[in-house]
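Data first, discussion second: the structure below is written as structure tokens.
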Amino acid sequence: MNDILEQALLYDFYGELLTSHQKEIYEQFVLEDLSLSEIAGEAGISRQGVHALIKRCQKALEGYEEKLHLVEK
């Protein structure tokens, strides 16, 4: 499955389980296709901070899918 499609599906199913800050950053990266620099500028954090937050969100969403298998179904 396409990476972006998979990330969007995981977000659709489990996005509400993320914090509002995580949702905002993850949406900007995955759904709005903004760069790390653009997101960092808007959020007032470093590019590295944005990258780390996105990776944590991806791991959390993948963890929910491993347990619940909603996307798979």
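Letters for chains follow the order of the structure tokens (A, B, ...), residue numbers begin at 1 for each chain, and ligand numbers begin at 1 in the order shown.
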Tyr14 of chain A environment, 8 Å, only C-alpha atoms, sequence neighbours closer than 3 positions dropped, as a list in words: Leu10, Tyr11, Leu17, Leu18, Leu61 and Tyr64 of chain A
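Every protein, DNA or RNA residue with an atom at most 7 Å from Ile4 of chain A, where only C-alpha atoms count and chain neighbours fewer than 3 positions away do not, is listed here: Gln7, Ala8 and Val30 of chain A.
Excluding Arg56 of chain A and any residue on its chain fewer than 3 positions from it, the residues at most 12 Å away by only C-alpha atoms are Leu18, Thr19, Gln22, Lys23, Ile25, Tyr26, Gly49, Val50, His51, Ala52, Leu53, Lys59, Ala60, Leu61, Glu62 and Gly63 of chain A.
Compared by their closest atoms to Lys55 of chain A, and using only C-alpha atoms, the residues A:Ser35, A:His69, A:Ala43, A:Phe29 rank with A:Phe29 nearest.
The nearest approach to Glu27 of chain A among the residues A:Gly41, A:Ser46, A:Leu9, A:Lys67, with only C-alpha atoms taken into account, belongs to A:Leu9.
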Spatial neighbours of Arg47 of chain A, 6 Å, only C-alpha atoms, chain gap at least 3 places, as a ChimeraX atom specification: /A:36-37,40,50
Using only C-alpha atoms, please write the residues we just selected to a file, as a short mmCIF file (atom, residue, chain, number, x, y, z; two decimals), in the first residue's frame.
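Output saved as part_0.cif:
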```cif
data_model
loop_
_atom_site.label_atom_id
_atom_site.label_comp_id
_atom_site.auth_asym_id
_atom_site.auth_seq_id
_atom_site.Cartn_x
_atom_site.Cartn_y
_atom_site.Cartn_z
CA LEU A 36 9.22 20.04 7.93
CA SER A 37 10.55 23.59 7.60
CA ALA A 40 8.44 24.20 12.13
CA VAL A 50 8.66 18.30 14.00
#
```
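Computed from the coordinates, the atom CA of Gly44 of chain A to atom CA of Glu32 of chain A distance equals 17.9 Å.
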